[in-house]
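I have placed the structure first, in the form of structure tokens, so that the comments after it can refer back to it.
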Amino acid sequence: MAGEGNHNFHHSFPSDYRNGFRKTDWDPTKWIIYLLHNFTSQVPSIRRTPKNEVERARQRVIGEKKPNPRTRTELEDLPLVRQSEIEDRFGNEAVIVLEGYAVDVGGFAKEHPGGEGLLRAGYGGRDLTSGFHKLNHHTRHARGLMDDMRVAKIVYDGDRTYIEDI
């Protein structure tokens with residue numbers, strides 16, 4: 001089908017208006033949206049994924065068979081925060097908990113394809129892991145962004161623990 005050659009781009013970057021990110025990619029919808037945006041008031045704003053994020057995603061796909069770019073040592077170097085200290089430490093910050101890590105989403109929240117509100121619900125260190133897994137199948141790119149935004153590893157109190165292979 002015409003325009004489907006870059007359809008995975010749309011899944012990796014759902015808030016981007018393009019399927020084909022190069023100017024010459026066959027993507028008639030992109031061209032129509034672009035023209036409507038520039039020459040009418042029907043499309044007041046459009047979003048583009050920055051070139052550096054597209055390139056990072058490309059490198060992740062290329063290196064998929066290689067070890068995770070965030071090495072075991074780098075993950076072990078993250079500060080440890082006890083579960084009981086999360087609210088005190090991150091109570092006024094745009095930090096959520098995902099998969100046993102504190103993740104600073106402040107710079108990303110406005111770009112989140114599901115809306116800033118979904119992330120805002122977890123600000124202050126609330127655990128959004130179940131929603132992350134249930135609400136949507138996040139792309140490799142989204143998971144890579146999440147890995148890059150990790151600021152601390154959570155040490156769970158009591159009988160709740162994460163057993164991870166990091």
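Chain identifiers are assigned as A, B, and so on, following the order in which chains appear in the structure tokens; residues are numbered from 1 within each chain, and ligands are numbered from 1 in order of appearance.
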Which residues, written as a PDB file with N, CA and C atoms, in the first residue's frame, have at least one atom at most 6 Å from Val103 of chain A, with only C-alpha atoms counted and residues fewer than 6 positions away on the same chain left out?
```pdb
ATOM      1  N   VAL A  95       8.303  13.120  39.018  1.00  0.00           N
ATOM      2  CA  VAL A  95       8.972  11.821  39.063  1.00  0.00           C
ATOM      3  C   VAL A  95       7.918  10.760  39.331  1.00  0.00           C
ATOM      4  N   ILE A  96       7.938   9.719  38.510  1.00  0.00           N
ATOM      5  CA  ILE A  96       7.034   8.576  38.683  1.00  0.00           C
ATOM      6  C   ILE A  96       7.882   7.342  38.945  1.00  0.00           C
ATOM      7  N   VAL A  97       7.228   6.276  39.379  1.00  0.00           N
ATOM      8  CA  VAL A  97       7.925   5.010  39.573  1.00  0.00           C
ATOM      9  C   VAL A  97       7.437   4.032  38.515  1.00  0.00           C
ATOM     10  N   MET A 149      15.585   8.117  31.350  1.00  0.00           N
ATOM     11  CA  MET A 149      15.083   9.080  32.337  1.00  0.00           C
ATOM     12  C   MET A 149      15.153   8.556  33.768  1.00  0.00           C
ATOM     13  N   ARG A 150      15.664   7.346  33.962  1.00  0.00           N
ATOM     14  CA  ARG A 150      15.771   6.790  35.317  1.00  0.00           C
ATOM     15  C   ARG A 150      16.726   7.624  36.162  1.00  0.00           C
ATOM     16  N   VAL A 151      16.301   7.927  37.388  1.00  0.00           N
ATOM     17  CA  VAL A 151      17.143   8.722  38.282  1.00  0.00           C
ATOM     18  C   VAL A 151      17.508   7.978  39.562  1.00  0.00           C
TER      19      VAL A 151
END
```
Just the residues within 7 Å of Thr129 of chain A, please, counting only C-alpha atoms, with nothing from its chain fewer than 3 positions along; format it as a CSV table (one decimal) with N, CA and C atoms, in the first residue's frame.
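Saved as part.csv:
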```csv
chain,number,residue,atom,x,y,z
A,97,VAL,N,7.2,6.3,39.4
A,97,VAL,CA,7.9,5.0,39.6
A,97,VAL,C,7.4,4.0,38.5
A,98,LEU,N,8.4,3.4,37.8
A,98,LEU,CA,8.1,2.4,36.8
A,98,LEU,C,9.1,1.3,36.9
A,99,GLU,N,8.5,0.1,37.1
A,99,GLU,CA,9.3,-1.1,37.1
A,99,GLU,C,10.5,-1.1,38.1
A,132,PHE,N,1.4,1.2,32.9
A,132,PHE,CA,2.4,1.2,31.8
A,132,PHE,C,2.2,-0.1,31.0
A,133,HIS,N,2.0,-1.2,31.8
A,133,HIS,CA,1.8,-2.5,31.1
A,133,HIS,C,0.4,-2.7,30.5
```
Contacts of segment 10-23 of chain A within 6 Å, only C-alpha atoms, excl. fewer than 6 positions in-chain, as a PDB file with C-alpha atoms, in the first residue's frame:
```pdb
ATOM      1  CA  LYS A  30       1.929  14.230   5.704  1.00  0.00           C
ATOM      2  CA  ARG A  47       4.319  17.917  16.161  1.00  0.00           C
ATOM      3  CA  ARG A  48       7.611  16.647  14.842  1.00  0.00           C
ATOM      4  CA  THR A  49       9.932  14.260  16.579  1.00  0.00           C
ATOM      5  CA  PRO A 113       1.278  10.738  23.363  1.00  0.00           C
ATOM      6  CA  THR A 139       7.313   0.868  21.823  1.00  0.00           C
TER       7      THR A 139
END
```
Run DSSP on the backbone and give me the residues of segment 3-127 of chain A it puts in strand (DSSP E), as a VMD selection string. chain A and resid 80 to 82 95 to 98 101 to 104
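Of the residues under consideration (A:Pro44, A:Gly131, A:Gly125, A:Pro50), A:Gly125 shows the shortest atom-to-atom contact distance to Asp88 of chain A when counting only C-alpha atoms.
Reported to one decimal place, the separation of atom CA of Glu116 of chain A from atom CA of Ile46 of chain A is 16.8 Å.
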Selected residue of minimal separation from Asp147 of chain A among A:Ala102, A:Ala121, A:Leu80, A:Leu128, counting only C-alpha atoms: A:Ala102
In Å, rounded to a single decimal, give me how far atom CA of Lys134 of chain A is from atom CA of Tyr101 of chain A. 17.9 Å
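When only C-alpha atoms are used to measure the gap to Ser84 of chain A, the shortest distance among A:Thr24, A:Ser45, A:Arg126, A:Gly144 belongs to A:Arg126.
You can rank A:Asn38, A:Ala109, A:Asp25, A:Ala152 by their closest distance to Phe90 of chain A using only C-alpha atoms, and at the top of that list sits A:Ala152.
The residue set within 10 Å of Ala94 of chain A, counting only C-alpha atoms and dropping same-chain residues fewer than 6 places from it, reads Val103, Asp104, Val105, Gly106, Gly107, Phe108, Ala109, Leu119, Arg120, Ala121, Gly122, Tyr123, Gly124 and Gly125 of chain A.
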Among segment 3-115 of chain A, which ones does DSSP assign to alpha helix (DSSP H) (computed from the backbone)? Answer as a PyMOL selection string. chain A and resi 7-12+28-39+51-62+72-76+86-90
Just C-alpha atoms for this one: save the residues we selected as a compact mmCIF listing (two decimals), in the first residue's frame.
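result.txt written:
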```txt
# COMPACT_ATOMS: atom_id res chain seq x y z
CA HIS A 7 4.23 3.00 9.08
CA ASN A 8 6.40 1.76 11.96
CA PHE A 9 7.63 5.35 12.34
CA HIS A 10 4.06 6.25 13.31
CA HIS A 11 4.03 3.56 16.00
CA SER A 12 7.37 4.62 17.42
CA PRO A 28 0.52 12.05 0.98
CA THR A 29 -1.18 12.51 4.35
CA LYS A 30 1.93 14.23 5.70
CA TRP A 31 1.92 16.62 2.76
CA ILE A 32 -1.78 17.43 3.15
CA ILE A 33 -1.42 18.08 6.89
CA TYR A 34 1.67 20.22 6.25
CA LEU A 35 -0.13 22.30 3.61
CA LEU A 36 -3.23 22.74 5.78
CA HIS A 37 -1.03 23.78 8.67
CA ASN A 38 0.94 26.34 6.67
CA PHE A 39 -1.81 27.79 4.51
CA LYS A 51 16.00 14.32 14.49
CA ASN A 52 18.18 13.24 17.41
CA GLU A 53 15.33 11.13 18.85
CA VAL A 54 14.71 9.51 15.46
CA GLU A 55 18.40 8.71 15.22
CA ARG A 56 18.47 7.28 18.77
CA ALA A 57 15.54 5.04 17.87
CA ARG A 58 17.32 3.91 14.68
CA GLN A 59 20.42 3.05 16.69
CA ARG A 60 18.33 1.06 19.18
CA VAL A 61 16.84 -0.99 16.33
CA ILE A 62 20.27 -1.53 14.79
CA ARG A 72 24.72 -3.16 34.09
CA THR A 73 27.31 -0.91 35.72
CA GLU A 74 25.40 2.27 34.80
CA LEU A 75 22.17 0.88 36.29
CA GLU A 76 24.00 -0.19 39.44
CA ILE A 86 9.88 8.10 47.86
CA GLU A 87 7.19 10.61 48.84
CA ASP A 88 9.61 12.69 50.93
CA ARG A 89 12.27 12.63 48.22
CA PHE A 90 10.10 13.22 45.14
```
